[in-house]
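S.K.: My file is start.cif. It has mmCIF, C-alpha atoms:
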```cif
data_work
#
loop_
_atom_site.label_atom_id
_atom_site.label_comp_id
_atom_site.auth_asym_id
_atom_site.auth_seq_id
_atom_site.Cartn_x
_atom_site.Cartn_y
_atom_site.Cartn_z
CA MET A 1 71.31 166.23 1.44
CA SER A 2 73.85 163.72 2.72
CA SER A 3 76.42 165.06 5.14
CA CYS A 4 79.26 163.64 3.05
CA LYS A 5 78.30 165.62 -0.07
CA MET A 6 80.72 168.52 -0.14
CA ALA A 7 80.74 171.67 -2.15
CA ARG A 8 82.82 174.38 -0.58
CA VAL A 9 83.69 177.77 -1.97
CA LEU A 10 85.49 179.60 0.86
CA VAL A 11 82.45 179.04 3.03
CA CYS A 12 80.42 175.84 2.63
CA ALA A 13 77.77 176.25 -0.03
CA VAL A 14 75.27 174.41 -2.17
CA LEU A 15 76.17 174.47 -5.84
CA VAL A 16 73.53 175.41 -8.36
CA PHE A 17 75.26 174.87 -11.70
CA ILE A 18 78.48 174.86 -13.64
CA THR A 19 78.39 176.52 -17.04
CA PRO A 20 80.30 174.73 -19.79
CA PRO A 21 82.46 176.52 -22.32
CA LEU A 22 80.81 177.47 -25.58
CA THR A 23 83.50 175.76 -27.64
CA LEU A 24 86.11 173.17 -26.84
CA ALA A 25 89.53 174.77 -26.73
CA THR A 26 92.68 174.32 -24.74
CA THR A 27 91.58 177.03 -22.28
CA ILE A 28 88.23 176.33 -20.62
CA THR A 29 86.21 178.44 -18.18
CA PHE A 30 83.75 176.97 -15.68
CA ILE A 31 81.35 179.09 -13.60
CA VAL A 32 79.87 177.84 -10.33
CA GLU A 33 77.09 179.77 -8.60
CA GLY A 34 74.90 179.07 -5.61
CA ASN A 35 73.89 180.05 -2.10
CA VAL A 36 75.80 179.72 1.15
CA ASP A 37 74.32 176.98 3.33
CA ARG A 38 76.76 177.05 6.28
CA VAL A 39 78.83 179.81 7.85
CA PRO A 40 81.62 179.21 10.40
CA VAL A 41 81.14 181.11 13.67
CA GLU A 42 84.24 183.26 13.07
CA LEU A 43 82.70 184.56 9.81
CA ALA A 44 79.08 184.95 10.96
CA SER A 45 79.27 188.74 11.19
CA ALA A 46 80.34 188.97 7.52
CA PHE A 47 78.43 186.12 5.82
CA SER A 48 74.92 184.74 6.12
CA ILE A 49 73.17 181.58 5.07
CA GLY A 50 71.59 182.35 1.72
CA ASP A 51 74.32 184.74 0.54
CA LEU A 52 75.05 184.32 -3.14
CA PHE A 53 78.44 183.07 -4.28
CA HIS A 54 80.08 183.05 -7.70
CA LEU A 55 83.22 181.10 -8.58
CA GLU A 56 84.76 181.49 -12.02
CA TYR A 57 87.92 179.74 -13.06
CA THR A 58 89.80 179.13 -16.28
CA PHE A 59 92.11 176.19 -16.77
CA GLU A 60 94.40 174.78 -19.42
CA SER A 61 92.76 171.54 -20.58
CA THR A 62 96.01 170.16 -22.00
CA THR A 63 97.82 170.25 -18.64
CA PRO A 64 99.48 166.84 -18.19
CA ASP A 65 98.73 164.56 -15.26
CA SER A 66 101.69 164.98 -12.89
CA ASN A 67 101.41 161.31 -11.83
CA PRO A 68 100.29 159.38 -14.91
CA SER A 69 101.18 156.01 -13.36
CA ASN A 70 98.26 156.37 -10.93
CA ILE A 71 95.26 155.54 -13.13
CA LYS A 72 92.73 156.37 -10.41
CA ARG A 73 93.88 159.94 -9.62
CA GLY A 74 94.61 162.66 -12.11
CA PHE A 75 96.61 165.46 -10.54
CA TYR A 76 96.93 168.57 -12.70
CA ASP A 77 99.47 171.00 -11.26
CA ASN A 78 98.98 174.70 -12.01
CA ALA A 79 96.27 174.02 -14.59
CA ILE A 80 94.24 177.03 -13.39
CA THR A 81 95.18 180.23 -15.21
CA SER A 82 92.65 182.53 -13.50
CA LEU A 83 90.23 182.27 -10.61
CA SER A 84 87.87 184.67 -8.88
CA VAL A 85 85.28 184.16 -6.19
CA THR A 86 82.61 186.43 -4.72
CA VAL A 87 80.61 185.58 -1.61
CA GLY A 88 78.10 188.25 -0.63
CA GLY A 89 80.15 191.45 -0.73
CA TYR A 90 83.52 189.67 -0.38
CA SER A 91 85.76 189.09 -3.41
CA ALA A 92 89.08 187.31 -3.89
CA SER A 93 91.06 186.45 -6.98
CA GLY A 94 94.36 185.05 -8.17
CA ILE A 95 95.89 181.74 -9.10
CA GLY A 96 98.98 181.09 -7.04
CA VAL A 97 100.15 177.50 -6.78
CA ASN A 98 97.14 175.36 -7.63
CA HIS A 99 95.98 171.96 -8.71
CA ILE A 100 92.89 170.18 -9.89
CA SER A 101 92.49 166.57 -8.86
CA VAL A 102 90.17 164.07 -10.51
CA ASP A 103 89.59 160.81 -8.64
CA ASN A 104 88.01 157.86 -10.43
CA ASP A 105 86.89 155.20 -7.96
CA LEU A 106 89.57 156.16 -5.47
CA THR A 107 88.73 155.27 -1.86
CA GLY A 108 85.21 154.36 -2.91
CA ALA A 109 84.30 157.62 -4.65
CA ASP A 110 84.70 159.78 -7.71
CA SER A 111 85.70 163.32 -6.82
CA TYR A 112 86.67 166.65 -8.35
CA ARG A 113 88.65 169.12 -6.29
CA ILE A 114 90.35 172.49 -6.75
CA ASP A 115 93.07 173.55 -4.32
CA ILE A 116 94.92 176.86 -4.19
CA THR A 117 97.92 176.54 -1.89
CA THR A 118 99.01 180.18 -1.91
CA PRO A 119 96.69 182.99 -0.79
CA LEU A 120 94.32 184.70 -3.17
CA SER A 121 94.13 188.48 -3.11
CA GLY A 122 91.28 189.41 -0.82
CA ASN A 123 90.71 191.14 2.50
CA SER A 124 90.59 189.31 5.80
CA VAL A 125 87.25 189.01 7.58
CA ASN A 126 87.38 189.59 11.33
CA GLY A 127 91.12 188.93 11.15
CA PHE A 128 90.52 185.56 9.47
CA ASP A 129 92.15 185.26 6.04
CA ILE A 130 89.52 183.35 4.09
CA SER A 131 91.54 183.71 0.89
CA LYS A 132 93.79 180.91 2.21
CA GLN A 133 90.99 178.34 2.43
CA SER A 134 91.39 175.14 0.49
CA PRO A 135 89.77 173.33 -1.16
CA ILE A 136 88.10 176.09 -3.11
CA LEU A 137 85.74 173.47 -4.58
CA GLN A 138 85.17 169.80 -3.83
CA MET A 139 82.47 167.45 -5.10
CA ARG A 140 82.21 163.69 -4.29
CA ASP A 141 80.18 160.86 -5.78
CA THR A 142 80.02 157.55 -3.90
CA THR A 143 77.92 155.93 -6.65
CA LEU A 144 81.04 156.02 -8.88
CA ALA A 145 78.93 157.22 -11.81
CA VAL A 146 80.58 160.56 -12.64
CA PHE A 147 84.01 159.59 -13.99
CA SER A 148 85.18 156.65 -16.09
CA ASN A 149 88.84 157.76 -15.96
CA ASP A 150 91.07 160.31 -14.21
CA LEU A 151 91.36 162.70 -17.16
CA LEU A 152 90.79 166.42 -16.71
CA PRO A 153 87.13 167.06 -17.67
CA VAL A 154 86.64 169.42 -20.59
CA SER A 155 82.85 169.63 -20.43
CA ALA A 156 80.59 170.81 -17.64
CA LEU A 157 80.37 168.96 -14.36
CA TYR A 158 76.92 169.09 -12.79
CA PRO A 159 76.81 169.10 -9.00
CA ASN A 160 73.59 167.07 -9.01
CA ASP A 161 75.56 164.21 -10.59
CA PHE A 162 77.73 164.01 -7.49
CA VAL A 163 75.76 161.80 -5.10
CA CYS A 164 77.07 160.84 -1.69
CA GLU A 165 75.24 157.83 -0.24
CA GLY A 166 75.58 156.45 3.23
#
```
What is this structure when it is put down as structure tokens?

M.R.:
Amino acid sequence: MSSCKMARVLVCAVLVFITPPLTLATTITFIVEGNVDRVPVELASAFSIGDLFHLEYTFESTTPDSNPSNIKRGFYDNAITSLSVTVGGYSASGIGVNHISVDNDLTGADSYRIDITTPLSGNSVNGFDISKQSPILQMRDTTLAVFSNDLLPVSALYPNDFVCEG
């Protein structure tokens, strides 16, 4: 796996799949599950490589791009209406101030990213508030094959489609 391929859910992790919604609607839920593949030293007593994680988030698919003049980056402010994450025995949830960004051939890559800029509800681990970590999710593709525009995706994104070469 290339070092520039990123998928991070509180602690760095390898994504297994994203489940698409059963029907297209204005509110869409994606589920991301996988196993932790890296643990920062300050969290090593609470998390282990191989721990399971589960990220579930719902977003409003009709959220407008907050900067429509930039045709290479879609920026969807407060599109997420619910979010929860579990890593091992740790859980956090909430929405706070959030955004989803969709980059189409911006700085040589396609990318999909979720940021929460206010803390989620969740306990600290060894005094470290992991509920404040951002991005919650980031995937990059340097082959530029994932997106053809900067619109908010309404069907499943598959982590294996995000390839980071070089």

S.K.: Compile the contact shell of Thr62 (chain A) as a list in words: residues with an atom at most 10 Å away, counting all atoms listed in the file, same-chain residues fewer than 6 positions apart removed.

M.R.: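 So the residues in contact are Ala25, Thr26, Thr27, Tyr76, Ala79, Leu152 and Val154 of chain A.
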
S.K.: Rounded to one decimal place, report the CA of Ala109 (chain A)-CA of Arg73 (chain A) distance in Å.

M.R.: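 Interatomic distance here is 11.0 Å.
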
S.K.: In Å, how far is it from CA of Gly74 (chain A) to CA of Ile95 (chain A)?

M.R.: 19.4 Å

S.K.: So what do you get for CA of Ile71 (chain A) versus CA of Ile100 (chain A), distance-wise?

M.R.: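 CA of Ile100 (chain A) lies 15.2 Å from CA of Ile71 (chain A).
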
S.K.: Find the residue from A:Ser93, A:Gly88, A:Asp141, A:Asn104 that sits nearest to Gly122 (chain A); use all atoms listed in the file when measuring.

M.R.: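 Of A:Ser93, A:Gly88, A:Asp141, A:Asn104, the one nearest Gly122 (chain A) is A:Ser93, counting all atoms listed in the file.
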
S.K.: Given the file above and the PyMOL selection byres ((chain A and resi 66) around 6), which residues are selected, and can you give them as a ChimeraX atom specification?

M.R.: /A:65,67,75-76

S.K.: Go ahead and save the picked residues with C-alpha atoms, as a short mmCIF file (atom, residue, chain, number, x, y, z; two decimals), in the coordinates of the input.

M.R.:
```cif
data_model
loop_
_atom_site.label_atom_id
_atom_site.label_comp_id
_atom_site.auth_asym_id
_atom_site.auth_seq_id
_atom_site.Cartn_x
_atom_site.Cartn_y
_atom_site.Cartn_z
CA ASP A 65 98.73 164.56 -15.26
CA ASN A 67 101.41 161.31 -11.83
CA PHE A 75 96.61 165.46 -10.54
CA TYR A 76 96.93 168.57 -12.70
#
```

S.K.: Choose the residue, out of A:Phe53, A:Tyr90, A:Tyr112, A:Phe162, that has the smallest atom-to-atom separation from Leu144 (chain A); count all atoms listed in the file.

M.R.: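 Selected residue with least distance to Leu144 (chain A): A:Phe162.
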
S.K.: Can you spell out as a JSON list (two decimals) with C-alpha atoms, in the coordinates of the input the set of residues that the PyMOL selection byres ((chain A and resi 47) around 12) selects in the structure I just provided?

M.R.:
```json
[["chain", "number", "residue", "atom", "x", "y", "z"],
["A", 10, "LEU", "CA", 85.49, 179.60, 0.86],
["A", 11, "VAL", "CA", 82.45, 179.04, 3.03],
["A", 12, "CYS", "CA", 80.42, 175.84, 2.63],
["A", 13, "ALA", "CA", 77.77, 176.25, -0.03],
["A", 35, "ASN", "CA", 73.89, 180.05, -2.10],
["A", 36, "VAL", "CA", 75.80, 179.72, 1.15],
["A", 37, "ASP", "CA", 74.32, 176.98, 3.33],
["A", 38, "ARG", "CA", 76.76, 177.05, 6.28],
["A", 39, "VAL", "CA", 78.83, 179.81, 7.85],
["A", 40, "PRO", "CA", 81.62, 179.21, 10.40],
["A", 41, "VAL", "CA", 81.14, 181.11, 13.67],
["A", 42, "GLU", "CA", 84.24, 183.26, 13.07],
["A", 43, "LEU", "CA", 82.70, 184.56, 9.81],
["A", 44, "ALA", "CA", 79.08, 184.95, 10.96],
["A", 45, "SER", "CA", 79.27, 188.74, 11.19],
["A", 46, "ALA", "CA", 80.34, 188.97, 7.52],
["A", 48, "SER", "CA", 74.92, 184.74, 6.12],
["A", 49, "ILE", "CA", 73.17, 181.58, 5.07],
["A", 50, "GLY", "CA", 71.59, 182.35, 1.72],
["A", 51, "ASP", "CA", 74.32, 184.74, 0.54],
["A", 52, "LEU", "CA", 75.05, 184.32, -3.14],
["A", 53, "PHE", "CA", 78.44, 183.07, -4.28],
["A", 86, "THR", "CA", 82.61, 186.43, -4.72],
["A", 87, "VAL", "CA", 80.61, 185.58, -1.61],
["A", 88, "GLY", "CA", 78.10, 188.25, -0.63],
["A", 89, "GLY", "CA", 80.15, 191.45, -0.73],
["A", 90, "TYR", "CA", 83.52, 189.67, -0.38],
["A", 125, "VAL", "CA", 87.25, 189.01, 7.58],
["A", 126, "ASN", "CA", 87.38, 189.59, 11.33],
["A", 130, "ILE", "CA", 89.52, 183.35, 4.09]]
```

S.K.: Applied to the shown file, which residues does the PyMOL selection byres ((chain A and resi 103) around 6) return, written as a PyMOL selection string?

M.R.: chain A and resi 72-73+102+104+106+110-111+150

S.K.: Just the residues within 7 Å of Pro135 (chain A), please, counting only C-alpha atoms, with nothing from its chain fewer than 5 positions along; format it as a list in words.

M.R.: Arg113, Ile114, Asp115 and Ile116 of chain A

S.K.: Determine the nearest neighbour of Arg140 (chain A) from the options A:Pro159, A:Gly94, A:Pro153, A:Gly34, counting only C-alpha atoms.

M.R.: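 So, comparing all the options, the nearest one is A:Pro159.
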
S.K.: Of the candidates A:Thr143, A:Thr63, A:His99, A:Glu56, which one gets nearest to Ser82 (chain A) if we count all atoms listed in the file?

M.R.: A:Glu56
